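Structure data follow from protein06.pdb (PDB, N, CA and C atoms):
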```
ATOM      1  N   MET A  14       8.913   5.496   6.663
ATOM      2  CA  MET A  14       9.980   5.366   5.699
ATOM      3  C   MET A  14       9.531   4.528   4.501
ATOM      4  N   PHE A  15       9.000   3.324   4.741
ATOM      5  CA  PHE A  15       8.581   2.481   3.618
ATOM      6  C   PHE A  15       7.312   3.012   2.970
ATOM      7  N   CYS A  16       6.478   3.717   3.740
ATOM      8  CA  CYS A  16       5.296   4.352   3.159
ATOM      9  C   CYS A  16       5.740   5.377   2.117
ATOM     10  N   ASP A  17       6.724   6.177   2.477
ATOM     11  CA  ASP A  17       7.226   7.189   1.547
ATOM     12  C   ASP A  17       7.823   6.556   0.304
ATOM     13  N   ARG A  18       8.530   5.463   0.464
ATOM     14  CA  ARG A  18       9.132   4.790  -0.701
ATOM     15  C   ARG A  18       8.055   4.239  -1.619
ATOM     16  N   THR A  19       6.994   3.692  -1.041
ATOM     17  CA  THR A  19       5.898   3.159  -1.841
ATOM     18  C   THR A  19       5.209   4.281  -2.606
ATOM     19  N   LYS A  20       4.915   5.393  -1.932
ATOM     20  CA  LYS A  20       4.277   6.530  -2.589
ATOM     21  C   LYS A  20       5.168   7.091  -3.690
ATOM     22  N   GLU A  21       6.467   7.191  -3.431
ATOM     23  CA  GLU A  21       7.406   7.689  -4.428
ATOM     24  C   GLU A  21       7.434   6.771  -5.645
ATOM     25  N   PHE A  22       7.483   5.467  -5.414
ATOM     26  CA  PHE A  22       7.491   4.492  -6.502
ATOM     27  C   PHE A  22       6.244   4.644  -7.369
ATOM     28  N   LEU A  23       5.078   4.676  -6.735
ATOM     29  CA  LEU A  23       3.828   4.785  -7.480
ATOM     30  C   LEU A  23       3.762   6.096  -8.260
ATOM     31  N   SER A  24       4.194   7.175  -7.645
ATOM     32  CA  SER A  24       4.185   8.474  -8.317
ATOM     33  C   SER A  24       5.108   8.484  -9.533
ATOM     34  N   HIS A  25       6.310   7.917  -9.385
ATOM     35  CA  HIS A  25       7.246   7.881 -10.508
ATOM     36  C   HIS A  25       6.743   7.016 -11.661
ATOM     37  N   LYS A  26       5.898   6.048 -11.347
ATOM     38  CA  LYS A  26       5.315   5.184 -12.382
ATOM     39  C   LYS A  26       3.983   5.735 -12.892
ATOM     40  N   ASN A  27       3.611   6.945 -12.398
ATOM     41  CA  ASN A  27       2.343   7.585 -12.778
ATOM     42  C   ASN A  27       1.136   6.710 -12.463
ATOM     43  N   ILE A  28       1.193   6.037 -11.325
ATOM     44  CA  ILE A  28       0.097   5.194 -10.860
ATOM     45  C   ILE A  28      -0.692   5.991  -9.824
ATOM     46  N   SER A  29      -1.973   6.189 -10.071
ATOM     47  CA  SER A  29      -2.781   6.897  -9.086
ATOM     48  C   SER A  29      -3.085   5.955  -7.926
ATOM     49  N   TYR A  30      -3.224   6.527  -6.751
ATOM     50  CA  TYR A  30      -3.504   5.731  -5.557
ATOM     51  C   TYR A  30      -4.261   6.571  -4.549
ATOM     52  N   THR A  31      -4.894   5.892  -3.624
ATOM     53  CA  THR A  31      -5.579   6.549  -2.527
ATOM     54  C   THR A  31      -4.820   6.247  -1.258
ATOM     55  N   GLU A  32      -4.338   7.286  -0.608
ATOM     56  CA  GLU A  32      -3.590   7.110   0.634
ATOM     57  C   GLU A  32      -4.566   7.078   1.800
ATOM     58  N   ARG A  33      -4.389   6.102   2.684
ATOM     59  CA  ARG A  33      -5.202   5.983   3.892
ATOM     60  C   ARG A  33      -4.252   5.979   5.076
ATOM     61  N   ASN A  34      -4.390   6.934   5.959
ATOM     62  CA  ASN A  34      -3.508   7.073   7.118
ATOM     63  C   ASN A  34      -4.166   6.425   8.326
ATOM     64  N   VAL A  35      -3.652   5.271   8.742
ATOM     65  CA  VAL A  35      -4.265   4.528   9.851
ATOM     66  C   VAL A  35      -4.108   5.237  11.188
ATOM     67  N   ALA A  36      -3.176   6.176  11.273
ATOM     68  CA  ALA A  36      -2.992   6.936  12.515
ATOM     69  C   ALA A  36      -4.071   8.006  12.674
ATOM     70  N   GLU A  37      -4.686   8.403  11.574
ATOM     71  CA  GLU A  37      -5.677   9.470  11.609
ATOM     72  C   GLU A  37      -7.075   9.034  11.209
ATOM     73  N   ASP A  38      -7.205   7.851  10.631
ATOM     74  CA  ASP A  38      -8.486   7.392  10.089
ATOM     75  C   ASP A  38      -8.836   6.033  10.692
ATOM     76  N   GLU A  39      -9.779   6.037  11.621
ATOM     77  CA  GLU A  39     -10.171   4.805  12.325
ATOM     78  C   GLU A  39     -10.683   3.736  11.361
ATOM     79  N   SER A  40     -11.416   4.136  10.316
ATOM     80  CA  SER A  40     -11.927   3.146   9.362
ATOM     81  C   SER A  40     -10.781   2.507   8.571
ATOM     82  N   ALA A  41      -9.733   3.281   8.298
ATOM     83  CA  ALA A  41      -8.564   2.732   7.602
ATOM     84  C   ALA A  41      -7.863   1.715   8.497
ATOM     85  N   LEU A  42      -7.774   2.017   9.790
ATOM     86  CA  LEU A  42      -7.166   1.081  10.731
ATOM     87  C   LEU A  42      -7.980  -0.206  10.814
ATOM     88  N   GLU A  43      -9.297  -0.085  10.863
ATOM     89  CA  GLU A  43     -10.157  -1.276  10.906
ATOM     90  C   GLU A  43     -10.009  -2.110   9.638
ATOM     91  N   GLU A  44      -9.910  -1.437   8.493
ATOM     92  CA  GLU A  44      -9.720  -2.156   7.232
ATOM     93  C   GLU A  44      -8.391  -2.904   7.235
ATOM     94  N   LEU A  45      -7.350  -2.269   7.754
ATOM     95  CA  LEU A  45      -6.036  -2.907   7.854
ATOM     96  C   LEU A  45      -6.121  -4.151   8.735
ATOM     97  N   LYS A  46      -6.810  -4.037   9.860
ATOM     98  CA  LYS A  46      -6.983  -5.177  10.768
ATOM     99  C   LYS A  46      -7.755  -6.303  10.093
ATOM    100  N   GLN A  47      -8.790  -5.950   9.336
ATOM    101  CA  GLN A  47      -9.583  -6.968   8.636
ATOM    102  C   GLN A  47      -8.762  -7.696   7.582
ATOM    103  N   LEU A  48      -7.773  -7.012   7.030
ATOM    104  CA  LEU A  48      -6.876  -7.666   6.081
ATOM    105  C   LEU A  48      -5.889  -8.593   6.796
ATOM    106  N   GLY A  49      -5.802  -8.447   8.130
ATOM    107  CA  GLY A  49      -4.924  -9.317   8.913
ATOM    108  C   GLY A  49      -3.548  -8.732   9.160
ATOM    109  N   TYR A  50      -3.408  -7.415   9.000
ATOM    110  CA  TYR A  50      -2.102  -6.783   9.169
ATOM    111  C   TYR A  50      -2.143  -5.727  10.262
ATOM    112  N   MET A  51      -1.003  -5.524  10.883
ATOM    113  CA  MET A  51      -0.857  -4.467  11.881
ATOM    114  C   MET A  51       0.432  -3.693  11.617
ATOM    115  N   THR A  52       0.836  -3.653  10.370
ATOM    116  CA  THR A  52       2.023  -2.923   9.956
ATOM    117  C   THR A  52       1.700  -2.145   8.688
ATOM    118  N   THR A  53       2.490  -1.159   8.398
ATOM    119  CA  THR A  53       2.291  -0.382   7.182
ATOM    120  C   THR A  53       3.625  -0.227   6.465
ATOM    121  N   PRO A  54       3.602   0.006   5.195
ATOM    122  CA  PRO A  54       2.435   0.165   4.342
ATOM    123  C   PRO A  54       1.891  -1.191   3.882
ATOM    124  N   VAL A  55       0.612  -1.193   3.588
ATOM    125  CA  VAL A  55      -0.025  -2.309   2.904
ATOM    126  C   VAL A  55      -0.658  -1.708   1.663
ATOM    127  N   THR A  56      -0.233  -2.182   0.520
ATOM    128  CA  THR A  56      -0.752  -1.699  -0.755
ATOM    129  C   THR A  56      -1.657  -2.787  -1.316
ATOM    130  N   VAL A  57      -2.901  -2.439  -1.593
ATOM    131  CA  VAL A  57      -3.860  -3.408  -2.130
ATOM    132  C   VAL A  57      -4.078  -3.088  -3.604
ATOM    133  N   ILE A  58      -3.772  -4.086  -4.434
ATOM    134  CA  ILE A  58      -3.925  -3.951  -5.883
ATOM    135  C   ILE A  58      -4.770  -5.116  -6.365
ATOM    136  N   ASP A  59      -5.935  -4.808  -6.905
ATOM    137  CA  ASP A  59      -6.863  -5.835  -7.395
ATOM    138  C   ASP A  59      -7.106  -6.917  -6.339
ATOM    139  N   GLY A  60      -7.249  -6.503  -5.088
ATOM    140  CA  GLY A  60      -7.548  -7.429  -4.001
ATOM    141  C   GLY A  60      -6.350  -8.111  -3.382
ATOM    142  N   ALA A  61      -5.184  -7.971  -3.988
ATOM    143  CA  ALA A  61      -3.965  -8.580  -3.447
ATOM    144  C   ALA A  61      -3.217  -7.565  -2.585
ATOM    145  N   ALA A  62      -2.854  -7.974  -1.368
ATOM    146  CA  ALA A  62      -2.146  -7.091  -0.439
ATOM    147  C   ALA A  62      -0.636  -7.298  -0.548
ATOM    148  N   ILE A  63       0.083  -6.201  -0.650
ATOM    149  CA  ILE A  63       1.543  -6.217  -0.671
ATOM    150  C   ILE A  63       1.995  -5.471   0.575
ATOM    151  N   VAL A  64       2.726  -6.161   1.445
ATOM    152  CA  VAL A  64       3.143  -5.591   2.718
ATOM    153  C   VAL A  64       4.552  -5.019   2.598
ATOM    154  N   GLY A  65       4.728  -3.803   3.126
ATOM    155  CA  GLY A  65       6.023  -3.150   3.063
ATOM    156  C   GLY A  65       6.279  -2.612   1.669
ATOM    157  N   PHE A  66       7.484  -2.143   1.449
ATOM    158  CA  PHE A  66       7.868  -1.701   0.112
ATOM    159  C   PHE A  66       8.585  -2.853  -0.563
ATOM    160  N   ASN A  67       7.931  -3.448  -1.555
ATOM    161  CA  ASN A  67       8.489  -4.573  -2.289
ATOM    162  C   ASN A  67       8.332  -4.246  -3.773
ATOM    163  N   GLU A  68       9.363  -3.637  -4.331
ATOM    164  CA  GLU A  68       9.283  -3.159  -5.707
ATOM    165  C   GLU A  68       8.933  -4.271  -6.691
ATOM    166  N   ALA A  69       9.528  -5.425  -6.533
ATOM    167  CA  ALA A  69       9.266  -6.533  -7.460
ATOM    168  C   ALA A  69       7.803  -6.959  -7.410
ATOM    169  N   GLU A  70       7.245  -7.056  -6.216
ATOM    170  CA  GLU A  70       5.833  -7.445  -6.071
ATOM    171  C   GLU A  70       4.905  -6.361  -6.607
ATOM    172  N   LEU A  71       5.260  -5.101  -6.368
ATOM    173  CA  LEU A  71       4.441  -4.009  -6.900
ATOM    174  C   LEU A  71       4.453  -4.028  -8.426
ATOM    175  N   MET A  72       5.624  -4.210  -9.014
ATOM    176  CA  MET A  72       5.745  -4.265 -10.469
ATOM    177  C   MET A  72       4.903  -5.412 -11.024
ATOM    178  N   LYS A  73       4.983  -6.555 -10.391
ATOM    179  CA  LYS A  73       4.231  -7.730 -10.844
ATOM    180  C   LYS A  73       2.737  -7.476 -10.748
ATOM    181  N   ALA A  74       2.278  -6.952  -9.604
ATOM    182  CA  ALA A  74       0.850  -6.711  -9.395
ATOM    183  C   ALA A  74       0.311  -5.657 -10.363
ATOM    184  N   LEU A  75       1.150  -4.708 -10.732
ATOM    185  CA  LEU A  75       0.746  -3.635 -11.634
ATOM    186  C   LEU A  75       0.952  -4.005 -13.106
ATOM    187  N   GLY A  76       1.559  -5.145 -13.353
ATOM    188  CA  GLY A  76       1.796  -5.570 -14.730
ATOM    189  C   GLY A  76       2.848  -4.733 -15.438
ATOM    190  N   LEU A  77       3.844  -4.280 -14.672
ATOM    191  CA  LEU A  77       4.905  -3.438 -15.251
ATOM    192  C   LEU A  77       6.161  -4.241 -15.522
TER     193      LEU A  77
END
```

In structure tokens, write the structure found in this file.
Amino acid sequence: MFCDRTKEFLSHKNISYTERNVAEDESALEELKQLGYMTTPVTVIDGAAIVGFNEAELMKALGL
């Protein structure tokens, strides 16, 4: 649910992104673990991780 909201938000803002599905991609799951998270979505922008769908944090990180 929150993954879809994050993707929808980014698409509406014309922000390109790379989707990584931790259920299907073992390396994506390992990367998520290395970031210290076991929940999704985690959006990484310029090295900063935003957990869940947080529109205000996404806007801030994207400079919008």

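The residues caught by the PyMOL selection byres (((chain A and resi 34 and name CA) around 12) and name CA) in this file are Cys16, Thr31, Glu32, Arg33, Val35, Ala36, Glu37, Asp38, Glu39, Ser40, Ala41, Leu42, Glu43, Glu44, Leu45, Thr52, Thr53, Pro54 and Val55 of chain A.
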
Computed interatomic separation between atom CA of A:Gly49 and atom CA of A:Ile28 (Å): 25.0 Å

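The neighbours of stretch 66-68 of chain A here are the residues that come within 8 Å of it, using only N, CA and C atoms and leaving out any residue fewer than 4 positions away in the same chain; they are Met14, Phe15, Cys16, Arg18, Thr19, Lys20, Phe22, Thr53, Pro54, Val55, Thr56, Met72, Lys73 and Ala74 of chain A.
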
Residue list (strand (DSSP E or B), DSSP) for chain A, as a VMD selection string: chain A and resid 55 to 58 61 to 64

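For the pair atom C of A:Gly65 and atom CA of A:Leu23, the separation is 12.0 Å.
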
Using all atoms of stretch 39-44 of chain A listed in the file and a margin of 3 Å per side, can you give the axis-aligned box centre and edge lengths in Å to one decimal, as lines of an AutoDock Vina configuration file?
```
center_x = -9.5
center_y = 1.6
center_z = 9.8
size_x = 10.8
size_y = 14.9
size_z = 11.1
```

Distance in Å - atom N of A:Leu48 versus atom N of A:Asn27: 26.5 Å

Which of chain A fall in alpha helix (DSSP H), as a PyMOL selection string: chain A and resi 15-25+39-48+68-75

Give me a file of those residues, with N, CA and C atoms, as a PDB file, keeping the file's coordinate frame.
```pdb
ATOM      1  N   PHE A  15       9.000   3.324   4.741  1.00  0.00           N
ATOM      2  CA  PHE A  15       8.581   2.481   3.618  1.00  0.00           C
ATOM      3  C   PHE A  15       7.312   3.012   2.970  1.00  0.00           C
ATOM      4  N   CYS A  16       6.478   3.717   3.740  1.00  0.00           N
ATOM      5  CA  CYS A  16       5.296   4.352   3.159  1.00  0.00           C
ATOM      6  C   CYS A  16       5.740   5.377   2.117  1.00  0.00           C
ATOM      7  N   ASP A  17       6.724   6.177   2.477  1.00  0.00           N
ATOM      8  CA  ASP A  17       7.226   7.189   1.547  1.00  0.00           C
ATOM      9  C   ASP A  17       7.823   6.556   0.304  1.00  0.00           C
ATOM     10  N   ARG A  18       8.530   5.463   0.464  1.00  0.00           N
ATOM     11  CA  ARG A  18       9.132   4.790  -0.701  1.00  0.00           C
ATOM     12  C   ARG A  18       8.055   4.239  -1.619  1.00  0.00           C
ATOM     13  N   THR A  19       6.994   3.692  -1.041  1.00  0.00           N
ATOM     14  CA  THR A  19       5.898   3.159  -1.841  1.00  0.00           C
ATOM     15  C   THR A  19       5.209   4.281  -2.606  1.00  0.00           C
ATOM     16  N   LYS A  20       4.915   5.393  -1.932  1.00  0.00           N
ATOM     17  CA  LYS A  20       4.277   6.530  -2.589  1.00  0.00           C
ATOM     18  C   LYS A  20       5.168   7.091  -3.690  1.00  0.00           C
ATOM     19  N   GLU A  21       6.467   7.191  -3.431  1.00  0.00           N
ATOM     20  CA  GLU A  21       7.406   7.689  -4.428  1.00  0.00           C
ATOM     21  C   GLU A  21       7.434   6.771  -5.645  1.00  0.00           C
ATOM     22  N   PHE A  22       7.483   5.467  -5.414  1.00  0.00           N
ATOM     23  CA  PHE A  22       7.491   4.492  -6.502  1.00  0.00           C
ATOM     24  C   PHE A  22       6.244   4.644  -7.369  1.00  0.00           C
ATOM     25  N   LEU A  23       5.078   4.676  -6.735  1.00  0.00           N
ATOM     26  CA  LEU A  23       3.828   4.785  -7.480  1.00  0.00           C
ATOM     27  C   LEU A  23       3.762   6.096  -8.260  1.00  0.00           C
ATOM     28  N   SER A  24       4.194   7.175  -7.645  1.00  0.00           N
ATOM     29  CA  SER A  24       4.185   8.474  -8.317  1.00  0.00           C
ATOM     30  C   SER A  24       5.108   8.484  -9.533  1.00  0.00           C
ATOM     31  N   HIS A  25       6.310   7.917  -9.385  1.00  0.00           N
ATOM     32  CA  HIS A  25       7.246   7.881 -10.508  1.00  0.00           C
ATOM     33  C   HIS A  25       6.743   7.016 -11.661  1.00  0.00           C
ATOM     34  N   GLU A  39      -9.779   6.037  11.621  1.00  0.00           N
ATOM     35  CA  GLU A  39     -10.171   4.805  12.325  1.00  0.00           C
ATOM     36  C   GLU A  39     -10.683   3.736  11.361  1.00  0.00           C
ATOM     37  N   SER A  40     -11.416   4.136  10.316  1.00  0.00           N
ATOM     38  CA  SER A  40     -11.927   3.146   9.362  1.00  0.00           C
ATOM     39  C   SER A  40     -10.781   2.507   8.571  1.00  0.00           C
ATOM     40  N   ALA A  41      -9.733   3.281   8.298  1.00  0.00           N
ATOM     41  CA  ALA A  41      -8.564   2.732   7.602  1.00  0.00           C
ATOM     42  C   ALA A  41      -7.863   1.715   8.497  1.00  0.00           C
ATOM     43  N   LEU A  42      -7.774   2.017   9.790  1.00  0.00           N
ATOM     44  CA  LEU A  42      -7.166   1.081  10.731  1.00  0.00           C
ATOM     45  C   LEU A  42      -7.980  -0.206  10.814  1.00  0.00           C
ATOM     46  N   GLU A  43      -9.297  -0.085  10.863  1.00  0.00           N
ATOM     47  CA  GLU A  43     -10.157  -1.276  10.906  1.00  0.00           C
ATOM     48  C   GLU A  43     -10.009  -2.110   9.638  1.00  0.00           C
ATOM     49  N   GLU A  44      -9.910  -1.437   8.493  1.00  0.00           N
ATOM     50  CA  GLU A  44      -9.720  -2.156   7.232  1.00  0.00           C
ATOM     51  C   GLU A  44      -8.391  -2.904   7.235  1.00  0.00           C
ATOM     52  N   LEU A  45      -7.350  -2.269   7.754  1.00  0.00           N
ATOM     53  CA  LEU A  45      -6.036  -2.907   7.854  1.00  0.00           C
ATOM     54  C   LEU A  45      -6.121  -4.151   8.735  1.00  0.00           C
ATOM     55  N   LYS A  46      -6.810  -4.037   9.860  1.00  0.00           N
ATOM     56  CA  LYS A  46      -6.983  -5.177  10.768  1.00  0.00           C
ATOM     57  C   LYS A  46      -7.755  -6.303  10.093  1.00  0.00           C
ATOM     58  N   GLN A  47      -8.790  -5.950   9.336  1.00  0.00           N
ATOM     59  CA  GLN A  47      -9.583  -6.968   8.636  1.00  0.00           C
ATOM     60  C   GLN A  47      -8.762  -7.696   7.582  1.00  0.00           C
ATOM     61  N   LEU A  48      -7.773  -7.012   7.030  1.00  0.00           N
ATOM     62  CA  LEU A  48      -6.876  -7.666   6.081  1.00  0.00           C
ATOM     63  C   LEU A  48      -5.889  -8.593   6.796  1.00  0.00           C
ATOM     64  N   GLU A  68       9.363  -3.637  -4.331  1.00  0.00           N
ATOM     65  CA  GLU A  68       9.283  -3.159  -5.707  1.00  0.00           C
ATOM     66  C   GLU A  68       8.933  -4.271  -6.691  1.00  0.00           C
ATOM     67  N   ALA A  69       9.528  -5.425  -6.533  1.00  0.00           N
ATOM     68  CA  ALA A  69       9.266  -6.533  -7.460  1.00  0.00           C
ATOM     69  C   ALA A  69       7.803  -6.959  -7.410  1.00  0.00           C
ATOM     70  N   GLU A  70       7.245  -7.056  -6.216  1.00  0.00           N
ATOM     71  CA  GLU A  70       5.833  -7.445  -6.071  1.00  0.00           C
ATOM     72  C   GLU A  70       4.905  -6.361  -6.607  1.00  0.00           C
ATOM     73  N   LEU A  71       5.260  -5.101  -6.368  1.00  0.00           N
ATOM     74  CA  LEU A  71       4.441  -4.009  -6.900  1.00  0.00           C
ATOM     75  C   LEU A  71       4.453  -4.028  -8.426  1.00  0.00           C
ATOM     76  N   MET A  72       5.624  -4.210  -9.014  1.00  0.00           N
ATOM     77  CA  MET A  72       5.745  -4.265 -10.469  1.00  0.00           C
ATOM     78  C   MET A  72       4.903  -5.412 -11.024  1.00  0.00           C
ATOM     79  N   LYS A  73       4.983  -6.555 -10.391  1.00  0.00           N
ATOM     80  CA  LYS A  73       4.231  -7.730 -10.844  1.00  0.00           C
ATOM     81  C   LYS A  73       2.737  -7.476 -10.748  1.00  0.00           C
ATOM     82  N   ALA A  74       2.278  -6.952  -9.604  1.00  0.00           N
ATOM     83  CA  ALA A  74       0.850  -6.711  -9.395  1.00  0.00           C
ATOM     84  C   ALA A  74       0.311  -5.657 -10.363  1.00  0.00           C
ATOM     85  N   LEU A  75       1.150  -4.708 -10.732  1.00  0.00           N
ATOM     86  CA  LEU A  75       0.746  -3.635 -11.634  1.00  0.00           C
ATOM     87  C   LEU A  75       0.952  -4.005 -13.106  1.00  0.00           C
TER      88      LEU A  75
END
```
